[in-house]
Amino acid sequence: MAQQLQNLAISAPAFAGLNTEDSPVSLNAAFADVAENCVIDQRGRVGARQGWSAVAGNGATVLGTSAGIEHIQEFIAYDGTVTVFSMGNLKIYRGTSTLVEIAFPTSYSCSANKWKTASFANNVYFFQAGHAPLKYVAGASALVLVPDSGSTAPPQGDEVLAGFGRLWVTSVANQDYKIYGSALLDGDTWHGSGNSWLTLDLTNVWPQGYDSVVALAEHNGYLVVFGKRSIILYQDVVGAQGGALTATTADTIRLYDTIEGVGCIARDSVQSTGNDLLFLSNRGVMSLGRLIQEKAIPLNDISKNVRTDLMELVAFEFAAGDGKTIKSAYSAKHAFYILTLPESDVVYCFDVRRPLEDGSFRATTWRGLTPLALSVFADDELMLGLAKDGSAQPALVKYGTYNDGDASYDMKYFSHPQNFGNPTNLKFLKKMNVTIIGGAGANAILNWGYDYSNNFTKQAITLAASTDDAEFNEAEYNTTAEYTGGVTVNEPSLNTSGSGVEVTVGLESTINGTAFSIQKIDIHALLGRFI
């Protein structure tokens, strides 16, 4: 009597994202070994990331063929006028469809593109270590130096935060243990009677000896100071818990709490998600957590499932420079936190919708799209600053569509080896069915292999094109069934071969203009003898 085929299903492949930390022997099918150029879509499926579309032909001539955009700032003036600033090629530009260079003050010399900017009091302030700070006044055509109202110029810091009615500046050369605050509601006044230069000296505050300030943030009414190995929180002593820092001197600002043993190593990795702060530490990407009444500050390693691989690439990024190439963005629209590592040509994408049971976020990676700058605008659009590739490619682009400009890109998903609850039985694969949402007309390659080998058997498939008419309750065998107009469900079925105890499957597809998500993989197999 012929043995009945067993159905070995992988439902919602990569629902839990990448896991490159744990032994593949013990991992279930919810984790992926490879999820390249992928995101976790709104229904929990692994799918293709989006690409970029040109705003217009910006940057084709002004940036040359080797420079790129390394910082982006959107500025909304009091009258509602929107101005976009882009920094690269040792210059500052404004505009989107066309980049127009803004003149520096006379005799001003710019030697780097590591700017940090802040919108404050209807102005934009530009700070960079070793450079006199600059200001753009709404409606102006040129940049001006930040005024000096005392005998000493404003601090030339590498980090600036607009918060609590002040500008806060830190990471000044040889003074990376100090934080300077401007006068209240006045980013031009740093000295003078009645508006003393508010200085926080952290020399004796660090919980584990000397540290350096890397980044600043505002969270739940607290000033969060990120050192390399520790975190400090400040609060106004005269206000209620969580009150604004409104005092005019440092004497009325108190130390609220400290966190030992973990800090931030990359200035531009800090992102607020509204009720949380995410940042890159020497342990991985961390979540500060919400301050609660018990004064507990929970920290959570959201990147624990990919930590080793991530930190190896971060180390390479620092080896190639000072880590200022590491940038990040949080997009509420797309529900992800992304960390770009341009020297390694990798972006780590962390889905923020549904943390796993251990608090970690579901991770995927991108390749071929590693921007030098990231910024989320007021309309929730994610803007990217690209490196020039020697052509007339735009420099400032928008995340969206399913092409990288005019080019396609490849998406890859591979499972960990699976024994499907039968660790001692041989599996003889006979047939495989894949349910794919979208991907109309795409070319794909189905892979399968056995017993931890990377020697995969491959078979190419072409997915059916979409039609304009919806087909309800009408299945088309081995091609597609469509349930709503514009959404194609492809269900390719193909014969497979070979045998092994552990089974690895993968799917590669060329993304060229259409969304692509993997809903389910059904494997029909015979179970053989015990090994």
# chains A, B, ... in the order shown; residues from 1 in each chain; ligands from 1
call {"tool": "select_by_dssp", "arguments": {"residues": "region 75-297 of chain A", "states": "strand (DSSP E)", "output": "short mmCIF file (atom, residue, chain, number, x, y, z; two decimals) with C-alpha atoms, in the first residue's frame"}}
result
data_model
loop_
_atom_site.label_atom_id
_atom_site.label_comp_id
_atom_site.auth_asym_id
_atom_site.auth_seq_id
_atom_site.Cartn_x
_atom_site.Cartn_y
_atom_site.Cartn_z
CA PHE A 75 12.28 73.28 8.10
CA ILE A 76 8.70 74.54 8.50
CA VAL A 82 8.62 74.45 3.93
CA THR A 83 12.33 74.47 3.09
CA VAL A 84 14.42 71.33 2.70
CA PHE A 85 18.16 71.50 3.37
CA SER A 86 20.64 68.94 2.09
CA MET A 87 24.30 68.78 3.10
CA GLY A 88 27.03 67.19 1.01
CA LYS A 91 28.18 72.59 0.81
CA ILE A 92 24.63 73.21 1.99
CA TYR A 93 21.75 73.15 -0.49
CA ARG A 94 18.06 73.88 -0.33
CA VAL A 100 20.34 75.27 -4.96
CA GLU A 101 23.56 76.04 -3.12
CA LYS A 116 23.73 68.20 12.98
CA THR A 117 20.83 70.62 12.63
CA ALA A 118 17.87 71.84 14.67
CA SER A 119 14.80 73.97 13.92
CA PHE A 120 14.37 76.54 16.68
CA ASN A 123 15.45 79.50 12.35
CA VAL A 124 17.58 76.51 11.45
CA TYR A 125 20.85 76.08 13.34
CA PHE A 126 23.78 74.14 11.86
CA PHE A 127 26.43 72.67 14.19
CA GLN A 128 29.56 70.66 13.46
CA HIS A 131 33.11 74.81 12.68
CA ALA A 132 31.53 78.05 13.79
CA PRO A 133 27.77 77.40 14.11
CA LEU A 134 25.56 78.75 11.35
CA LYS A 135 21.98 79.94 11.18
CA TYR A 136 19.38 80.17 8.45
CA VAL A 137 16.65 82.75 9.04
CA VAL A 144 24.86 83.71 8.76
CA LEU A 145 27.06 83.04 11.75
CA GLU A 159 25.56 67.53 18.69
CA VAL A 160 22.62 69.90 19.07
CA LEU A 161 19.13 69.41 20.50
CA ALA A 162 16.23 71.85 20.43
CA GLY A 163 14.20 71.17 23.54
CA ARG A 166 16.64 76.04 24.55
CA LEU A 167 19.35 74.86 22.21
CA TRP A 168 21.59 72.28 23.87
CA VAL A 169 25.06 71.73 22.41
CA THR A 170 27.66 69.14 23.33
CA SER A 171 30.63 67.14 21.97
CA VAL A 172 32.82 70.23 21.73
CA GLN A 175 35.14 69.28 26.19
CA ASP A 176 33.05 66.20 25.51
CA TYR A 177 32.06 66.06 29.17
CA LYS A 178 30.09 69.34 29.04
CA ILE A 179 26.66 70.36 27.79
CA TYR A 180 25.92 74.00 26.97
CA GLY A 181 22.46 75.52 26.97
CA LEU A 198 23.92 77.26 31.20
CA THR A 199 26.65 74.64 31.56
CA LEU A 200 26.30 71.07 32.78
CA ASP A 201 29.70 69.63 33.71
CA VAL A 213 28.79 62.67 25.54
CA VAL A 214 27.70 61.23 22.21
CA ALA A 215 24.06 62.25 21.80
CA LEU A 216 21.20 64.16 23.42
CA ALA A 217 17.46 63.51 23.39
CA GLU A 218 14.24 64.59 25.06
CA HIS A 219 12.04 61.84 26.51
CA TYR A 222 13.63 64.57 30.70
CA LEU A 223 16.91 65.59 29.12
CA VAL A 224 18.58 62.31 28.18
CA VAL A 225 22.37 62.44 27.91
CA PHE A 226 23.93 59.50 26.10
CA GLY A 227 27.54 58.77 26.96
CA SER A 230 26.36 55.27 30.43
CA ILE A 231 23.16 57.33 30.29
CA ILE A 232 22.21 60.30 32.46
CA LEU A 233 18.78 61.89 32.89
CA TYR A 234 18.26 65.47 34.02
CA GLN A 235 15.11 67.15 35.34
CA ASP A 236 14.11 70.63 36.46
CA ILE A 253 18.54 71.45 37.32
CA ARG A 254 18.98 68.15 39.08
CA LEU A 255 20.31 64.74 38.20
CA TYR A 256 17.31 62.45 38.00
CA ASP A 257 18.81 59.04 37.29
CA THR A 258 21.72 57.20 35.71
CA ILE A 259 22.10 53.94 33.80
CA GLU A 260 25.42 52.14 34.05
CA GLN A 271 15.33 57.98 17.38
CA SER A 272 12.15 58.73 19.31
CA LEU A 277 13.93 55.94 22.49
CA LEU A 278 15.92 53.59 20.24
CA PHE A 279 19.70 53.86 19.93
CA LEU A 280 22.81 51.90 18.98
CA SER A 281 24.99 50.81 21.89
CA GLY A 284 23.33 46.30 19.85
CA VAL A 285 20.22 48.39 19.22
CA MET A 286 18.61 49.21 22.56
CA SER A 287 15.24 50.49 23.72
#
call {"tool": "residues_around", "arguments": {"residues": "region 496-505 of chain A", "least_positions_apart": "4", "cutoff": "7 Å", "atoms": "only C-alpha atoms", "output": "PyMOL selection string"}}
result
chain A and resi 414-419+423-432+447-451
call {"tool": "select_by_dssp", "arguments": {"residues": "region 181-352 of chain A", "states": "helix (DSSP H, G or I)", "output": "number ranges by chain"}}
result
A: 250-252, 267-269, 307-320, 342-344
call {"tool": "atom_distance", "arguments": {"atom1": "CA of Ala335 (chain A)", "atom2": "CA of Ile436 (chain A)"}}
result
21.9 Å
call {"tool": "residues_around", "arguments": {"residues": "region 45-58 of chain A", "least_positions_apart": "3", "cutoff": "9 Å", "atoms": "only C-alpha atoms", "output": "VMD selection string"}}
result
chain A and resid 12 to 15 17 35 to 42 61 to 62 95 to 100 364 366 369 383 to 384 392 to 406 408 to 413 437 511 515 to 520
call {"tool": "residues_around", "arguments": {"residues": "Lys333 (chain A)", "least_positions_apart": "3", "cutoff": "10 Å", "atoms": "only C-alpha atoms", "output": "PyMOL selection string"}}
result
chain A and resi 330+336+376+379-382
call {"tool": "write_last_selection", "arguments": {"atoms": "C-alpha atoms", "output": "short mmCIF file (atom, residue, chain, number, x, y, z; two decimals), in the first residue's frame"}}
result
data_model
loop_
_atom_site.label_atom_id
_atom_site.label_comp_id
_atom_site.auth_asym_id
_atom_site.auth_seq_id
_atom_site.Cartn_x
_atom_site.Cartn_y
_atom_site.Cartn_z
CA TYR A 330 11.98 55.88 12.57
CA PHE A 336 10.11 50.40 11.20
CA VAL A 376 11.22 61.55 7.97
CA ASP A 379 3.98 64.36 5.91
CA ASP A 380 5.47 60.99 7.03
CA GLU A 381 7.48 60.57 3.82
CA LEU A 382 10.90 58.97 4.30
#
call {"tool": "closest_residue", "arguments": {"among": "A:Ala129, A:Ala142, A:Asp389, A:Asp211", "to": "Leu63 (chain A)", "atoms": "only C-alpha atoms"}}
result
A:Asp389
call {"tool": "residues_around", "arguments": {"residues": "Asn433 (chain A)", "least_positions_apart": "6", "cutoff": "6 Å", "atoms": "only C-alpha atoms", "output": "PyMOL selection string"}}
result
chain A and resi 492-493+521-522
call {"tool": "atom_distance", "arguments": {"atom1": "CA of Gly513 (chain A)", "atom2": "CA of Leu386 (chain A)"}}
result
20.1 Å
call {"tool": "atom_distance", "arguments": {"atom1": "CA of Leu313 (chain A)", "atom2": "CA of Phe456 (chain A)"}}
result
27.1 Å
call {"tool": "decode", "arguments": {"residues": "region 508-524 of chain A", "atoms": "all heavy atoms", "output": "PDB file, in the first residue's frame"}}
result
ATOM      1  N   GLU A 508      13.805  33.342  -4.011  1.00  0.00           N
ATOM      2  CA  GLU A 508      14.432  34.562  -4.511  1.00  0.00           C
ATOM      3  C   GLU A 508      13.548  35.132  -5.608  1.00  0.00           C
ATOM      4  O   GLU A 508      13.007  34.380  -6.423  1.00  0.00           O
ATOM      5  CB  GLU A 508      15.824  34.266  -5.056  1.00  0.00           C
ATOM      6  CG  GLU A 508      16.767  33.613  -4.058  1.00  0.00           C
ATOM      7  CD  GLU A 508      18.044  33.132  -4.711  1.00  0.00           C
ATOM      8  OE1 GLU A 508      18.933  33.960  -4.966  1.00  0.00           O
ATOM      9  OE2 GLU A 508      18.131  31.913  -4.988  1.00  0.00           O
ATOM     10  N   SER A 509      13.421  36.453  -5.639  1.00  0.00           N
ATOM     11  CA  SER A 509      12.601  37.064  -6.674  1.00  0.00           C
ATOM     12  C   SER A 509      13.192  38.401  -7.076  1.00  0.00           C
ATOM     13  O   SER A 509      13.770  39.122  -6.247  1.00  0.00           O
ATOM     14  CB  SER A 509      11.167  37.261  -6.180  1.00  0.00           C
ATOM     15  OG  SER A 509      10.363  37.837  -7.192  1.00  0.00           O
ATOM     16  N   THR A 510      13.027  38.734  -8.328  1.00  0.00           N
ATOM     17  CA  THR A 510      13.402  40.052  -8.826  1.00  0.00           C
ATOM     18  C   THR A 510      12.221  40.987  -8.664  1.00  0.00           C
ATOM     19  O   THR A 510      11.139  40.736  -9.204  1.00  0.00           O
ATOM     20  CB  THR A 510      13.821  39.975 -10.304  1.00  0.00           C
ATOM     21  OG1 THR A 510      14.956  39.113 -10.423  1.00  0.00           O
ATOM     22  CG2 THR A 510      14.175  41.352 -10.832  1.00  0.00           C
ATOM     23  N   ILE A 511      12.417  42.048  -7.902  1.00  0.00           N
ATOM     24  CA  ILE A 511      11.354  43.016  -7.640  1.00  0.00           C
ATOM     25  C   ILE A 511      11.442  44.120  -8.682  1.00  0.00           C
ATOM     26  O   ILE A 511      12.467  44.802  -8.795  1.00  0.00           O
ATOM     27  CB  ILE A 511      11.465  43.603  -6.219  1.00  0.00           C
ATOM     28  CG1 ILE A 511      11.529  42.475  -5.180  1.00  0.00           C
ATOM     29  CG2 ILE A 511      10.305  44.540  -5.934  1.00  0.00           C
ATOM     30  CD1 ILE A 511      10.371  41.519  -5.205  1.00  0.00           C
ATOM     31  N   ASN A 512      10.369  44.271  -9.434  1.00  0.00           N
ATOM     32  CA  ASN A 512      10.391  45.232 -10.539  1.00  0.00           C
ATOM     33  C   ASN A 512       9.015  45.876 -10.680  1.00  0.00           C
ATOM     34  O   ASN A 512       8.272  45.611 -11.609  1.00  0.00           O
ATOM     35  CB  ASN A 512      10.808  44.540 -11.833  1.00  0.00           C
ATOM     36  CG  ASN A 512      11.102  45.533 -12.944  1.00  0.00           C
ATOM     37  OD1 ASN A 512      11.144  46.740 -12.723  1.00  0.00           O
ATOM     38  ND2 ASN A 512      11.304  45.023 -14.148  1.00  0.00           N
ATOM     39  N   GLY A 513       8.674  46.708  -9.684  1.00  0.00           N
ATOM     40  CA  GLY A 513       7.470  47.508  -9.811  1.00  0.00           C
ATOM     41  C   GLY A 513       6.256  47.029  -9.055  1.00  0.00           C
ATOM     42  O   GLY A 513       5.250  47.739  -8.991  1.00  0.00           O
ATOM     43  N   THR A 514       6.294  45.825  -8.463  1.00  0.00           N
ATOM     44  CA  THR A 514       5.123  45.321  -7.746  1.00  0.00           C
ATOM     45  C   THR A 514       5.521  44.768  -6.386  1.00  0.00           C
ATOM     46  O   THR A 514       6.629  44.251  -6.202  1.00  0.00           O
ATOM     47  CB  THR A 514       4.411  44.209  -8.541  1.00  0.00           C
ATOM     48  OG1 THR A 514       5.324  43.124  -8.756  1.00  0.00           O
ATOM     49  CG2 THR A 514       3.915  44.729  -9.874  1.00  0.00           C
ATOM     50  N   ALA A 515       4.578  44.853  -5.438  1.00  0.00           N
ATOM     51  CA  ALA A 515       4.797  44.309  -4.105  1.00  0.00           C
ATOM     52  C   ALA A 515       4.873  42.788  -4.161  1.00  0.00           C
ATOM     53  O   ALA A 515       4.336  42.153  -5.071  1.00  0.00           O
ATOM     54  CB  ALA A 515       3.669  44.749  -3.179  1.00  0.00           C
ATOM     55  N   PHE A 516       5.541  42.206  -3.151  1.00  0.00           N
ATOM     56  CA  PHE A 516       5.771  40.769  -3.154  1.00  0.00           C
ATOM     57  C   PHE A 516       5.869  40.306  -1.703  1.00  0.00           C
ATOM     58  O   PHE A 516       6.742  40.764  -0.963  1.00  0.00           O
ATOM     59  CB  PHE A 516       7.067  40.458  -3.902  1.00  0.00           C
ATOM     60  CG  PHE A 516       7.365  38.991  -4.096  1.00  0.00           C
ATOM     61  CD1 PHE A 516       7.205  38.404  -5.344  1.00  0.00           C
ATOM     62  CD2 PHE A 516       7.828  38.213  -3.048  1.00  0.00           C
ATOM     63  CE1 PHE A 516       7.499  37.060  -5.533  1.00  0.00           C
ATOM     64  CE2 PHE A 516       8.119  36.876  -3.226  1.00  0.00           C
ATOM     65  CZ  PHE A 516       7.955  36.295  -4.477  1.00  0.00           C
ATOM     66  N   SER A 517       4.958  39.444  -1.247  1.00  0.00           N
ATOM     67  CA  SER A 517       5.005  38.895   0.108  1.00  0.00           C
ATOM     68  C   SER A 517       4.763  37.396   0.052  1.00  0.00           C
ATOM     69  O   SER A 517       4.004  36.899  -0.794  1.00  0.00           O
ATOM     70  CB  SER A 517       3.946  39.549   1.000  1.00  0.00           C
ATOM     71  OG  SER A 517       4.205  40.927   1.175  1.00  0.00           O
ATOM     72  N   ILE A 518       5.395  36.668   0.967  1.00  0.00           N
ATOM     73  CA  ILE A 518       5.251  35.214   1.031  1.00  0.00           C
ATOM     74  C   ILE A 518       4.269  34.876   2.142  1.00  0.00           C
ATOM     75  O   ILE A 518       4.507  35.184   3.318  1.00  0.00           O
ATOM     76  CB  ILE A 518       6.596  34.524   1.297  1.00  0.00           C
ATOM     77  CG1 ILE A 518       7.636  34.966   0.263  1.00  0.00           C
ATOM     78  CG2 ILE A 518       6.439  33.011   1.261  1.00  0.00           C
ATOM     79  CD1 ILE A 518       9.043  34.469   0.561  1.00  0.00           C
ATOM     80  N   GLN A 519       3.162  34.270   1.788  1.00  0.00           N
ATOM     81  CA  GLN A 519       2.121  33.924   2.756  1.00  0.00           C
ATOM     82  C   GLN A 519       2.355  32.554   3.386  1.00  0.00           C
ATOM     83  O   GLN A 519       2.212  32.381   4.592  1.00  0.00           O
ATOM     84  CB  GLN A 519       0.749  33.938   2.066  1.00  0.00           C
ATOM     85  CG  GLN A 519      -0.405  33.525   2.962  1.00  0.00           C
ATOM     86  CD  GLN A 519      -0.740  34.562   4.000  1.00  0.00           C
ATOM     87  OE1 GLN A 519      -0.798  35.744   3.701  1.00  0.00           O
ATOM     88  NE2 GLN A 519      -0.954  34.125   5.233  1.00  0.00           N
ATOM     89  N   LYS A 520       2.729  31.563   2.571  1.00  0.00           N
ATOM     90  CA  LYS A 520       2.787  30.198   3.070  1.00  0.00           C
ATOM     91  C   LYS A 520       3.601  29.331   2.116  1.00  0.00           C
ATOM     92  O   LYS A 520       3.620  29.566   0.910  1.00  0.00           O
ATOM     93  CB  LYS A 520       1.368  29.635   3.206  1.00  0.00           C
ATOM     94  CG  LYS A 520       1.252  28.274   3.865  1.00  0.00           C
ATOM     95  CD  LYS A 520      -0.214  27.865   3.939  1.00  0.00           C
ATOM     96  CE  LYS A 520      -0.387  26.511   4.598  1.00  0.00           C
ATOM     97  NZ  LYS A 520      -1.795  26.068   4.616  1.00  0.00           N
ATOM     98  N   ILE A 521       4.285  28.354   2.673  1.00  0.00           N
ATOM     99  CA  ILE A 521       4.990  27.355   1.873  1.00  0.00           C
ATOM    100  C   ILE A 521       4.544  25.979   2.351  1.00  0.00           C
ATOM    101  O   ILE A 521       4.686  25.636   3.531  1.00  0.00           O
ATOM    102  CB  ILE A 521       6.522  27.483   2.012  1.00  0.00           C
ATOM    103  CG1 ILE A 521       6.990  28.860   1.528  1.00  0.00           C
ATOM    104  CG2 ILE A 521       7.228  26.374   1.248  1.00  0.00           C
ATOM    105  CD1 ILE A 521       8.471  29.106   1.728  1.00  0.00           C
ATOM    106  N   ASP A 522       3.956  25.191   1.452  1.00  0.00           N
ATOM    107  CA  ASP A 522       3.509  23.831   1.750  1.00  0.00           C
ATOM    108  C   ASP A 522       4.430  22.840   1.068  1.00  0.00           C
ATOM    109  O   ASP A 522       4.640  22.898  -0.154  1.00  0.00           O
ATOM    110  CB  ASP A 522       2.077  23.607   1.275  1.00  0.00           C
ATOM    111  CG  ASP A 522       1.059  24.325   2.136  1.00  0.00           C
ATOM    112  OD1 ASP A 522       1.084  24.118   3.355  1.00  0.00           O
ATOM    113  OD2 ASP A 522       0.255  25.099   1.580  1.00  0.00           O
ATOM    114  N   ILE A 523       4.981  21.933   1.865  1.00  0.00           N
ATOM    115  CA  ILE A 523       5.880  20.904   1.345  1.00  0.00           C
ATOM    116  C   ILE A 523       5.190  19.552   1.486  1.00  0.00           C
ATOM    117  O   ILE A 523       4.768  19.161   2.579  1.00  0.00           O
ATOM    118  CB  ILE A 523       7.210  20.890   2.129  1.00  0.00           C
ATOM    119  CG1 ILE A 523       7.894  22.260   2.050  1.00  0.00           C
ATOM    120  CG2 ILE A 523       8.132  19.796   1.615  1.00  0.00           C
ATOM    121  CD1 ILE A 523       9.077  22.397   2.976  1.00  0.00           C
ATOM    122  N   HIS A 524       5.046  18.852   0.393  1.00  0.00           N
ATOM    123  CA  HIS A 524       4.460  17.510   0.403  1.00  0.00           C
ATOM    124  C   HIS A 524       5.592  16.492   0.311  1.00  0.00           C
ATOM    125  O   HIS A 524       6.379  16.510  -0.642  1.00  0.00           O
ATOM    126  CB  HIS A 524       3.494  17.332  -0.764  1.00  0.00           C
ATOM    127  CG  HIS A 524       2.393  18.351  -0.771  1.00  0.00           C
ATOM    128  ND1 HIS A 524       1.357  18.334   0.127  1.00  0.00           N
ATOM    129  CD2 HIS A 524       2.198  19.451  -1.541  1.00  0.00           C
ATOM    130  CE1 HIS A 524       0.548  19.357  -0.094  1.00  0.00           C
ATOM    131  NE2 HIS A 524       1.042  20.047  -1.104  1.00  0.00           N
TER     132      HIS A 524
END
